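Below you'll find the structure, written out as structure tokens, and then a few comments.
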There are 2 protein chains.
Amino acid sequence: MRGPVPLAHLLLRQVVKAGDRVVDATCGNGKDTLLLAELVGETGQVWAFDIQSEALERTHQRLDAAGLADRVTLLACGHETLATLVPSLVCAVIFNLGWLPGGDRAIITEPATTLPALEGALQILDEGGLLLITCYPGHAGGDRETETVLTWATALDAQRFHVWRMGQLNVDQSAPFCLLVQKAISRHAA
Amino acid sequence: MRGPVPLAHLLLRQVVKAGDRVVDATCGNGKDTLLLAELVGETGQVWAFDIQSEALERTHQRLDAAGLADRVTLLACGHETLATLVPSLVCAVIFNLGWLPGGDRAIITEPATTLPALEGALQILDEGGLLLITCYPGHAGGDRETETVLTWATALDAQRFHVWRMGQLNVDQSAPFCLLVQKAISRHAA
């Protein structure tokens, strides 16, 4: 597991099952969306957001080539709208912050929309569900966004959310890392 | 996943398969040993170490009750001997540092033996295999041991080992956390 992508995929494989509903808040080049589409199977549903049409096109092509486009709703909207647009509880929401790989590096996720998006993700997350965020502190703006997201995550109520930071130790500390927020299972339900 | 035990078990379930060989370097009350014995199946093998006879007895009872004692070799030896006593490469080695739960809290793991044990674990780890260490900085001696282990892990060659720290953000920072070291798959083999 060199870097956060294989770690995120390992965690998603453990949590997302056939028939599940999940959200990719930042579909980018569509690699995560494709994995989610595979994991939820024929009876599941993926909602995938991006503000760049280039990202949505790449994602659609990738899904189409795999024959999985039917189970994915692509939304040309900012991720801050997800709690409004996703009509049900979901078992996972993933965010890959920063810019579109191979795209315009001037277009990056920004705290002003990322924080409302993360709050929205917690609202639609089912109990036991995972919010998985890959943070990129290594670019201008990314350091500030990472700081904001870490402050937000650290302040979450420990009775309601289990919050983990998963980062590599023996690499440059500006390397990307994962934040994982699991919604606790309530005592009433247990 | 409240605390490192469920996280460690999730990672082990993902990595350890039927027929595998694995090591529990600190069997303690035997809960991790039992999980490993289940995962390796009838054709696998677990080597489990502890210096306290109380720990070995508890572990044996737990394994015996589950009908899984036959696939576990219990060794009344310190974990610093593991590279000498385990006769093959393994796909996982786990360490749960600190004291025996419910036992004598004066008997704790110590850096002078923990570091050689960790070095030994890396020697017997197969490519792609996991070394999983749960650290407990919250007791006298545990803070010093944690510091030593973190320094050791941070200095590992990034070409040969992927080193992750996985800790909870929204809890007291003396809470236990996981260190995960994965031996890289060599380019020759790939």
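For the structure tokens, the naming scheme is as follows: chains receive sequential letters (A, B, ...) according to their order of presentation, residues are indexed from 1 within each chain, and ligands are indexed from 1 in presentation order.
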**OP:** Would you mind writing down, as a PyMOL selection string, each residue of stretch 1-186 of chain B that DSSP on the backbone assigns to alpha helix (DSSP H)?
**Re:** chain B and resi 4-15+31-40+53-65+82-85+111-124+142-154
Could the residues in this selection be saved with C-alpha atoms as a PDB file, in the first residue's frame?
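Below is the file selection06.pdb, written as the result:
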```pdb
ATOM      1  CA  PRO B   4      -7.286  -0.046  17.321  1.00  0.00           C
ATOM      2  CA  VAL B   5      -8.480  -3.616  17.913  1.00  0.00           C
ATOM      3  CA  PRO B   6     -11.359  -3.575  15.390  1.00  0.00           C
ATOM      4  CA  LEU B   7      -9.112  -1.771  12.895  1.00  0.00           C
ATOM      5  CA  ALA B   8      -6.355  -4.375  13.315  1.00  0.00           C
ATOM      6  CA  HIS B   9      -8.873  -7.188  12.897  1.00  0.00           C
ATOM      7  CA  LEU B  10     -10.318  -5.580   9.745  1.00  0.00           C
ATOM      8  CA  LEU B  11      -6.811  -5.355   8.219  1.00  0.00           C
ATOM      9  CA  LEU B  12      -5.946  -8.925   9.210  1.00  0.00           C
ATOM     10  CA  ARG B  13      -9.195 -10.270   7.707  1.00  0.00           C
ATOM     11  CA  GLN B  14      -8.221  -8.574   4.467  1.00  0.00           C
ATOM     12  CA  VAL B  15      -4.687 -10.014   4.369  1.00  0.00           C
ATOM     13  CA  LYS B  31      -8.094 -12.863  21.283  1.00  0.00           C
ATOM     14  CA  ASP B  32      -5.819 -11.962  18.365  1.00  0.00           C
ATOM     15  CA  THR B  33      -4.372 -15.499  18.328  1.00  0.00           C
ATOM     16  CA  LEU B  34      -7.895 -16.880  18.022  1.00  0.00           C
ATOM     17  CA  LEU B  35      -8.709 -14.623  15.065  1.00  0.00           C
ATOM     18  CA  LEU B  36      -5.466 -15.634  13.336  1.00  0.00           C
ATOM     19  CA  ALA B  37      -6.201 -19.331  13.981  1.00  0.00           C
ATOM     20  CA  GLU B  38      -9.630 -18.904  12.375  1.00  0.00           C
ATOM     21  CA  LEU B  39      -8.256 -17.047   9.351  1.00  0.00           C
ATOM     22  CA  VAL B  40      -5.413 -19.478   8.510  1.00  0.00           C
ATOM     23  CA  SER B  53       2.488 -18.551  31.585  1.00  0.00           C
ATOM     24  CA  GLU B  54      -0.826 -16.950  32.581  1.00  0.00           C
ATOM     25  CA  ALA B  55      -1.131 -15.512  29.061  1.00  0.00           C
ATOM     26  CA  LEU B  56      -0.264 -18.808  27.392  1.00  0.00           C
ATOM     27  CA  GLU B  57      -2.810 -20.660  29.539  1.00  0.00           C
ATOM     28  CA  ARG B  58      -5.576 -18.170  28.719  1.00  0.00           C
ATOM     29  CA  THR B  59      -4.712 -18.382  25.037  1.00  0.00           C
ATOM     30  CA  HIS B  60      -4.642 -22.177  25.082  1.00  0.00           C
ATOM     31  CA  GLN B  61      -8.039 -22.330  26.805  1.00  0.00           C
ATOM     32  CA  ARG B  62      -9.549 -19.935  24.265  1.00  0.00           C
ATOM     33  CA  LEU B  63      -8.152 -21.898  21.311  1.00  0.00           C
ATOM     34  CA  ASP B  64      -9.128 -25.245  22.825  1.00  0.00           C
ATOM     35  CA  ALA B  65     -12.715 -24.095  23.403  1.00  0.00           C
ATOM     36  CA  LEU B  82      10.817 -15.063  16.906  1.00  0.00           C
ATOM     37  CA  ALA B  83      13.128 -14.847  13.902  1.00  0.00           C
ATOM     38  CA  THR B  84      15.098 -17.771  15.350  1.00  0.00           C
ATOM     39  CA  LEU B  85      12.121 -19.947  16.299  1.00  0.00           C
ATOM     40  CA  PRO B 111      12.089  -1.289  24.061  1.00  0.00           C
ATOM     41  CA  ALA B 112      15.233  -3.367  24.724  1.00  0.00           C
ATOM     42  CA  THR B 113      13.402  -6.512  23.596  1.00  0.00           C
ATOM     43  CA  THR B 114      10.632  -4.943  21.481  1.00  0.00           C
ATOM     44  CA  LEU B 115      13.041  -3.407  18.942  1.00  0.00           C
ATOM     45  CA  PRO B 116      14.946  -6.670  18.266  1.00  0.00           C
ATOM     46  CA  ALA B 117      11.580  -8.421  18.037  1.00  0.00           C
ATOM     47  CA  LEU B 118      10.352  -5.912  15.421  1.00  0.00           C
ATOM     48  CA  GLU B 119      13.587  -6.308  13.451  1.00  0.00           C
ATOM     49  CA  GLY B 120      13.113 -10.073  13.615  1.00  0.00           C
ATOM     50  CA  ALA B 121       9.542  -9.712  12.380  1.00  0.00           C
ATOM     51  CA  LEU B 122      10.722  -7.815   9.282  1.00  0.00           C
ATOM     52  CA  GLN B 123      13.244 -10.599   8.569  1.00  0.00           C
ATOM     53  CA  ILE B 124      10.616 -13.356   8.485  1.00  0.00           C
ATOM     54  CA  GLY B 142       4.468   2.993  27.277  1.00  0.00           C
ATOM     55  CA  ASP B 143       5.115   6.573  26.250  1.00  0.00           C
ATOM     56  CA  ARG B 144       8.848   5.892  26.011  1.00  0.00           C
ATOM     57  CA  GLU B 145       8.319   2.603  24.192  1.00  0.00           C
ATOM     58  CA  THR B 146       5.915   4.272  21.736  1.00  0.00           C
ATOM     59  CA  GLU B 147       8.449   6.991  21.013  1.00  0.00           C
ATOM     60  CA  THR B 148      11.155   4.390  20.358  1.00  0.00           C
ATOM     61  CA  VAL B 149       8.928   2.348  18.060  1.00  0.00           C
ATOM     62  CA  LEU B 150       7.789   5.435  16.123  1.00  0.00           C
ATOM     63  CA  THR B 151      11.401   6.528  15.605  1.00  0.00           C
ATOM     64  CA  TRP B 152      12.298   3.021  14.398  1.00  0.00           C
ATOM     65  CA  ALA B 153       9.318   2.839  12.017  1.00  0.00           C
ATOM     66  CA  THR B 154       9.863   6.334  10.593  1.00  0.00           C
TER      67      THR B 154
END
```
**OP:** For B:Cys178, please output as a list in words all residues within 7 Å (counting only C-alpha atoms; exclusion window: fewer than 6 positions along the same chain).
**Re:**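 That gives Pro4, Leu132, Ile133, Thr134, Cys135, Arg165, Met166 and Gly167 of chain B.
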**OP:** Name all residues at most 7 Å from A:Ile51 (count only C-alpha atoms; drop same-chain ones fewer than 4 positions away) and give them as a VMD selection string.
**Re:** chain A and resid 76 to 78
With N, CA and C atoms retained, could you export that selection as a CSV table (one decimal), in the first residue's frame?
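Final output, out21.csv:
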```csv
chain,number,residue,atom,x,y,z
A,76,ALA,N,-23.4,16.9,-12.4
A,76,ALA,CA,-22.6,18.0,-12.7
A,76,ALA,C,-22.8,19.2,-11.7
A,77,CYS,N,-22.5,18.8,-10.4
A,77,CYS,CA,-22.8,19.7,-9.4
A,77,CYS,C,-21.6,19.7,-8.4
A,78,GLY,N,-21.5,20.8,-7.6
A,78,GLY,CA,-20.5,20.8,-6.6
A,78,GLY,C,-20.9,19.8,-5.5
```
Using only C-alpha atoms, what does the table of chain A residues within 7 Å of chain B look like, with each row giving the shortest atom pair and its distance in Å to one decimal, sorted by chain and ascending number, as JSON lines?
```
{"residue": "A:Met1", "atom": "CA", "partner": "B:His162", "partner_atom": "CA", "distance": 6.4}
{"residue": "A:Arg2", "atom": "CA", "partner": "B:His162", "partner_atom": "CA", "distance": 6.0}
{"residue": "A:Thr154", "atom": "CA", "partner": "B:Asn170", "partner_atom": "CA", "distance": 4.6}
{"residue": "A:Ala155", "atom": "CA", "partner": "B:Asn170", "partner_atom": "CA", "distance": 6.3}
{"residue": "A:Leu156", "atom": "CA", "partner": "B:Asn170", "partner_atom": "CA", "distance": 6.5}
{"residue": "A:Ala158", "atom": "CA", "partner": "B:Asn170", "partner_atom": "CA", "distance": 5.9}
{"residue": "A:His162", "atom": "CA", "partner": "B:Arg2", "partner_atom": "CA", "distance": 6.0}
{"residue": "A:Val163", "atom": "CA", "partner": "B:Gln168", "partner_atom": "CA", "distance": 5.3}
{"residue": "A:Trp164", "atom": "CA", "partner": "B:Gln168", "partner_atom": "CA", "distance": 4.2}
{"residue": "A:Arg165", "atom": "CA", "partner": "B:Gly167", "partner_atom": "CA", "distance": 5.7}
{"residue": "A:Met166", "atom": "CA", "partner": "B:Met166", "partner_atom": "CA", "distance": 4.5}
{"residue": "A:Gly167", "atom": "CA", "partner": "B:Trp164", "partner_atom": "CA", "distance": 5.4}
{"residue": "A:Gln168", "atom": "CA", "partner": "B:Trp164", "partner_atom": "CA", "distance": 4.2}
{"residue": "A:Leu169", "atom": "CA", "partner": "B:Thr154", "partner_atom": "CA", "distance": 5.2}
{"residue": "A:Asn170", "atom": "CA", "partner": "B:Thr154", "partner_atom": "CA", "distance": 4.6}
{"residue": "A:Val171", "atom": "CA", "partner": "B:Ala158", "partner_atom": "CA", "distance": 6.8}
```
Subject >> Backbone-only DSSP, strand (DSSP E) members of chain B, as a ChimeraX atom specification >> reply: /B:21-24,45-49,72-75,90-96,125-135,161-168,177-183
